[in-house]
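Enquirer: Following this message is one structure expressed as structure tokens.
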Amino acid sequence: MADATGFHLKGSAPERYEHYVAPLMAPFVTALVDAADLYPGATVLDLACGTGFAARAAAPQVGPAGRVFGVDIDEDRLEVARARHPRLYPDIEFTAAPADDIPHRDQAFDVVLCQQGAQFFPDLDAALREAARVTRPQGRFAATVWTRMDESPYCVAQHHALRKHGGPDAAATYRTAFSCTAERLTDSLRRAGYGTTTHRDITFDIELFPLEELVPAHLSALSPSRAMTEQTLIEAAHTIRAHLPEGTSTFPFTATLVTAIR
Ligand SMILES: C[S@@+](CC[C@H](N)C(=O)[O-])C[C@H]1O[C@@H](n2cnc3c(N)ncnc32)[C@H](O)[C@@H]1O
């Protein structure tokens with residue numbers, strides 16, 4: 001696809017997600033992995049791993065004696081995850097499965113990570129019961145979920161464009177990303193059998209890719225806009241740019257970081 005500036009979308013939607021969302025996720029992944037306090041030899045599950053940001057960050061921390069696994073419902077994202085992960089020890093094993101039916105044995109993991117996934121699970125309690133089942137006693141859980149959308153101007157601009165160009169369903173699907181409060185997540189973790197829980201908001205000012213390149217590519221990689229025609233995507237990208245200040249590609253993003261002990 002090319003717009004008036006000659007811009008072309010490159011790669012598949014999961015490849016664009018991996019490339020363009022990496023700077024946005026990076027500081028949150030670091031915070032998530034730090035909060036989980038990984039150690040050499042640990043066995044880690046990245047639940048709703050997508051293209052594998054958290055799994056790849058965990059691998060060097062658990063080292064050659066550790067194991068890292070990723071589970072996600074989206075086989076296309078897993079394909080990118082498998083292609084991208086470094087061929088170093090430990091090898092990372094990615095499996096397609098829903099979060100409420102994790103294909104691993106009871107108490108298999110020392111740590112379960114979930115980076116921006118919990119808000120999308122259709123039955124959060126069922127998914128966290130599964131997470132608890134595969135976590136060993138005293139094992140850890142750490143997750144991030146976005147806080148309110150209005151705390152992230154870039155997301156407000158994306159939502160506005162989806163409402164205008166993608167219709168009510170696209171906008172409603174997008175809002176799911178901001179639908180899981182810390183209270184909902186911690187209550188559900190306790191019901192699932194986790195003990196001590198903590199939560200805190202973390203904000204980073206993140207320098208994204210230059211907006212003329214980022215805006216259409218990022219939008220085209222998101223589930224609510226994947227069905228947009230090329231022309232609609234170009235128009236939506238213009239709407240996003242119009243809602244953002246000129247001359248910067250640095251924006252604040254806020255997520256809630258939740259931890260729990262099994
Ligand atoms: C915003 S992405 C986050 C992906 C990755 N953790 C990251 O940090 O980029 C949400 C992910 O949740 C996955 N997902 C949604 N519903 C799921 C479910 N029921 N079971 C497993 N994964 C699910 C999606 O396929 C998607 O990869």
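How things are named: the first chain in the structure tokens is A, the next is B, and so on; residues count from 1 in each chain; ligands count from 1 in the order shown.
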For stretch 56-73 of chain A, work out the shell of residues within 9 Å, counting only C-alpha atoms and skipping chain neighbours fewer than 6 positions away, then give it as a count of residues only.

Expert: 34

Enquirer: Let's see if you can do this: from backbone DSSP, list all alpha helix (DSSP H) residues in stretch 164-213 of chain A, as a count of residues only.

Expert: 25

Enquirer: With only C-alpha atoms and all ligand atoms counted and 9 Å as the cut-off, give the residues of chain A in contact with ligand 1, each with its shortest interatomic distance in Å and the pair that gives it, as CSV.

Expert:
```
residue,atom,partner,partner_atom_place_in_ligand_line,distance
A:Pro14,CA,ligand 1,27 (O),8.9
A:Tyr17,CA,ligand 1,9 (O),7.8
A:Glu18,CA,ligand 1,9 (O),7.4
A:Val21,CA,ligand 1,9 (O),7.3
A:Ala22,CA,ligand 1,9 (O),7.6
A:Met25,CA,ligand 1,8 (O),6.2
A:Ala26,CA,ligand 1,8 (O),8.6
A:Phe28,CA,ligand 1,8 (O),8.5
A:Val29,CA,ligand 1,8 (O),7.2
A:Asp46,CA,ligand 1,6 (N),7.3
A:Leu47,CA,ligand 1,21 (C),6.8
A:Ala48,CA,ligand 1,22 (N),3.9
A:Cys49,CA,ligand 1,6 (N),4.0
A:Gly50,CA,ligand 1,27 (O),3.4
A:Thr51,CA,ligand 1,5 (C),6.2
A:Gly52,CA,ligand 1,5 (C),6.2
A:Phe53,CA,ligand 1,8 (O),5.5
A:Ala54,CA,ligand 1,8 (O),6.3
A:Ala55,CA,ligand 1,6 (N),8.7
A:Val71,CA,ligand 1,21 (C),6.5
A:Asp72,CA,ligand 1,22 (N),4.0
A:Ile73,CA,ligand 1,21 (C),4.2
A:Asp74,CA,ligand 1,25 (O),4.4
A:Glu75,CA,ligand 1,25 (O),8.0
A:Asp76,CA,ligand 1,25 (O),8.8
A:Arg77,CA,ligand 1,27 (O),6.4
A:Leu78,CA,ligand 1,27 (O),8.2
A:Ala96,CA,ligand 1,21 (C),7.9
A:Ala97,CA,ligand 1,21 (C),6.1
A:Pro98,CA,ligand 1,20 (N),3.5
A:Ala99,CA,ligand 1,20 (N),3.8
A:Asp100,CA,ligand 1,20 (N),6.7
A:Asp101,CA,ligand 1,20 (N),8.2
A:Ile102,CA,ligand 1,21 (C),8.7
A:Leu113,CA,ligand 1,6 (N),8.7
A:Cys114,CA,ligand 1,6 (N),6.2
A:Gln115,CA,ligand 1,6 (N),4.3
A:Gln116,CA,ligand 1,3 (C),4.7
A:Gly117,CA,ligand 1,12 (O),4.3
A:Ala118,CA,ligand 1,12 (O),7.3
A:Gln119,CA,ligand 1,15 (C),8.1
A:Phe120,CA,ligand 1,16 (N),4.8
A:Phe121,CA,ligand 1,19 (N),4.4
A:Pro122,CA,ligand 1,19 (N),6.1
A:Asp123,CA,ligand 1,19 (N),7.8
A:Leu124,CA,ligand 1,19 (N),8.7
A:Ala127,CA,ligand 1,19 (N),7.7
A:Thr144,CA,ligand 1,8 (O),8.8
A:Val145,CA,ligand 1,1 (C),9.0
A:Ala177,CA,ligand 1,1 (C),7.2
A:Leu222,CA,ligand 1,1 (C),8.4
A:Ser223,CA,ligand 1,26 (C),8.9
```

Enquirer: Take the residues from that selection and put them in a file with C-alpha atoms, as a PDB file, in the first residue's frame.

Expert:
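Wrote again-v4.pdb, looks like this:
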```pdb
ATOM      1  CA  PRO A  14       2.285  -9.596  13.201  1.00  0.00           C
ATOM      2  CA  TYR A  17       3.357  -5.435  15.433  1.00  0.00           C
ATOM      3  CA  GLU A  18       6.736  -6.869  16.392  1.00  0.00           C
ATOM      4  CA  VAL A  21       5.292  -1.869  18.968  1.00  0.00           C
ATOM      5  CA  ALA A  22       8.720  -2.923  20.305  1.00  0.00           C
ATOM      6  CA  MET A  25       6.523  -2.249  25.049  1.00  0.00           C
ATOM      7  CA  ALA A  26      10.246  -2.247  25.896  1.00  0.00           C
ATOM      8  CA  PHE A  28       7.137  -2.067  30.394  1.00  0.00           C
ATOM      9  CA  VAL A  29       8.675  -5.465  29.610  1.00  0.00           C
ATOM     10  CA  ASP A  46       4.907 -15.827  29.011  1.00  0.00           C
ATOM     11  CA  LEU A  47       1.095 -16.007  28.855  1.00  0.00           C
ATOM     12  CA  ALA A  48      -0.496 -14.232  25.854  1.00  0.00           C
ATOM     13  CA  CYS A  49       3.060 -13.832  24.621  1.00  0.00           C
ATOM     14  CA  GLY A  50       2.176 -12.360  21.207  1.00  0.00           C
ATOM     15  CA  THR A  51       5.392 -12.061  19.228  1.00  0.00           C
ATOM     16  CA  GLY A  52       7.401 -12.837  22.386  1.00  0.00           C
ATOM     17  CA  PHE A  53       8.691  -9.572  23.888  1.00  0.00           C
ATOM     18  CA  ALA A  54       8.542 -10.771  27.519  1.00  0.00           C
ATOM     19  CA  ALA A  55       9.711 -14.311  26.726  1.00  0.00           C
ATOM     20  CA  VAL A  71       1.490 -19.395  24.965  1.00  0.00           C
ATOM     21  CA  ASP A  72      -0.826 -17.303  22.791  1.00  0.00           C
ATOM     22  CA  ILE A  73      -4.057 -17.889  20.928  1.00  0.00           C
ATOM     23  CA  ASP A  74      -2.762 -16.241  17.731  1.00  0.00           C
ATOM     24  CA  GLU A  75      -0.714 -18.665  15.630  1.00  0.00           C
ATOM     25  CA  ASP A  76       0.379 -15.894  13.234  1.00  0.00           C
ATOM     26  CA  ARG A  77       2.001 -13.922  16.062  1.00  0.00           C
ATOM     27  CA  LEU A  78       3.644 -17.111  17.343  1.00  0.00           C
ATOM     28  CA  ALA A  96      -0.842 -21.918  20.418  1.00  0.00           C
ATOM     29  CA  ALA A  97      -3.530 -22.238  23.108  1.00  0.00           C
ATOM     30  CA  PRO A  98      -6.133 -20.151  24.913  1.00  0.00           C
ATOM     31  CA  ALA A  99      -5.209 -18.793  28.337  1.00  0.00           C
ATOM     32  CA  ASP A 100      -8.001 -20.785  29.985  1.00  0.00           C
ATOM     33  CA  ASP A 101      -6.569 -24.084  28.725  1.00  0.00           C
ATOM     34  CA  ILE A 102      -2.786 -23.832  29.176  1.00  0.00           C
ATOM     35  CA  LEU A 113       4.395 -13.348  33.082  1.00  0.00           C
ATOM     36  CA  CYS A 114       1.504 -11.714  31.258  1.00  0.00           C
ATOM     37  CA  GLN A 115       2.336  -8.511  29.389  1.00  0.00           C
ATOM     38  CA  GLN A 116      -0.786  -6.676  28.140  1.00  0.00           C
ATOM     39  CA  GLY A 117      -2.825  -9.855  27.770  1.00  0.00           C
ATOM     40  CA  ALA A 118      -5.205 -10.200  30.741  1.00  0.00           C
ATOM     41  CA  GLN A 119      -7.659  -7.566  29.525  1.00  0.00           C
ATOM     42  CA  PHE A 120      -8.370  -9.637  26.395  1.00  0.00           C
ATOM     43  CA  PHE A 121      -9.212 -12.942  28.093  1.00  0.00           C
ATOM     44  CA  PRO A 122     -12.944 -13.599  27.629  1.00  0.00           C
ATOM     45  CA  ASP A 123     -13.086 -15.282  31.068  1.00  0.00           C
ATOM     46  CA  LEU A 124     -10.414 -13.680  33.271  1.00  0.00           C
ATOM     47  CA  ALA A 127      -7.538 -17.879  32.712  1.00  0.00           C
ATOM     48  CA  THR A 144       0.854  -5.331  33.033  1.00  0.00           C
ATOM     49  CA  VAL A 145      -2.398  -3.881  31.714  1.00  0.00           C
ATOM     50  CA  ALA A 177      -7.176  -2.847  25.920  1.00  0.00           C
ATOM     51  CA  LEU A 222      -3.921  -3.892  15.578  1.00  0.00           C
ATOM     52  CA  SER A 223      -6.860  -6.324  15.618  1.00  0.00           C
TER      53      SER A 223
END
```

Enquirer: Residues within 8 Å of A:Thr197, please, as a PyMOL selection string. Count only C-alpha atoms; anything in the same chain fewer than 5 positions from it doesn't count.

Expert: chain A and resi 186+189-190+258-261

Enquirer: Extract the full set of strand (DSSP E) residues from stretch 12-259 of chain A according to DSSP on the backbone, and format it as a ChimeraX atom specification.

Expert: /A:43-47,67-72,92-96,109-115,135-146,197-207,250-259

Enquirer: Can you work out which one of A:His104, A:Arg241, A:Arg163, A:Arg140 has the shortest atom-to-atom distance to A:Thr196, counting only C-alpha atoms?

Expert: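 That would be A:Arg140, the residue with the smallest distance to A:Thr196.
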
Enquirer: I need the residue nearest A:Gln138 from this list: A:Gly166, A:Pro153, A:Gly193, A:Pro27. Use only C-alpha atoms for the distance.

Expert: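 When distances to A:Gln138 are compared using only C-alpha atoms, the smallest one comes from A:Gly193.
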
Enquirer: Would you mind telling me which residue in A:Val80, A:Leu128, A:Ala237, A:Ile202 lies nearest to A:Ala217 when using only C-alpha atoms?

Expert: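 So, comparing all the options, the nearest one is A:Ala237.
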
Enquirer: Which residues are close to A:Thr254, i.e. within 7 Å by only C-alpha atoms, leaving aside same-chain residues fewer than 2 positions away? Reply as a PDB file with C-alpha atoms, in the first residue's frame.

Expert:
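Contents of around.pdb, freshly written:
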```pdb
ATOM      1  CA  TRP A 146      -2.943  -0.384  30.332  1.00  0.00           C
ATOM      2  CA  THR A 147      -4.587   2.087  32.718  1.00  0.00           C
ATOM      3  CA  GLU A 151      -3.628   8.881  30.253  1.00  0.00           C
ATOM      4  CA  SER A 152      -2.030   8.106  26.865  1.00  0.00           C
ATOM      5  CA  ASP A 201       1.016   2.405  38.040  1.00  0.00           C
ATOM      6  CA  ILE A 202       4.115   2.964  35.928  1.00  0.00           C
ATOM      7  CA  THR A 203       4.474   5.755  33.347  1.00  0.00           C
ATOM      8  CA  PHE A 204       7.150   6.128  30.695  1.00  0.00           C
ATOM      9  CA  PRO A 252       3.552   9.167  27.819  1.00  0.00           C
ATOM     10  CA  THR A 256      -0.620  -0.967  35.941  1.00  0.00           C
TER      11      THR A 256
END
```

Enquirer: How many Å separate atom CA of A:Leu211 from atom CA of A:Glu235?

Expert: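 Computing the Euclidean distance for atom CA of A:Leu211 and atom CA of A:Glu235 yields 14.4 Å.
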
Enquirer: Give me the residues near A:Ala157 as a list in words, where near means some atom within 8 Å (using only C-alpha atoms) and where sequence neighbours in that chain fewer than 2 positions away do not count.

Expert: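 Selected residues are Pro153, Tyr154, Cys155, His159, His160, Ala161, Thr239, Ile240, Arg241, His243 and Leu244 of chain A.
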
Enquirer: Next, the residues of the selection above should be written as a PDB file, in the first residue's frame with C-alpha atoms.

Expert:
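The resulting part.pdb:
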```
ATOM      1  CA  PRO A 153      -2.602  10.808  24.204  1.00  0.00           C
ATOM      2  CA  TYR A 154      -1.356   8.543  21.425  1.00  0.00           C
ATOM      3  CA  CYS A 155      -4.020   5.965  22.341  1.00  0.00           C
ATOM      4  CA  HIS A 159      -9.308   5.554  19.407  1.00  0.00           C
ATOM      5  CA  HIS A 160     -10.648   8.720  17.795  1.00  0.00           C
ATOM      6  CA  ALA A 161      -9.522   7.495  14.359  1.00  0.00           C
ATOM      7  CA  THR A 239      -6.861  11.643  11.664  1.00  0.00           C
ATOM      8  CA  ILE A 240      -4.386  10.292  14.221  1.00  0.00           C
ATOM      9  CA  ARG A 241      -1.698  12.779  13.125  1.00  0.00           C
ATOM     10  CA  HIS A 243      -4.891  14.731  16.997  1.00  0.00           C
ATOM     11  CA  LEU A 244      -1.225  14.680  18.019  1.00  0.00           C
TER      12      LEU A 244
END
```
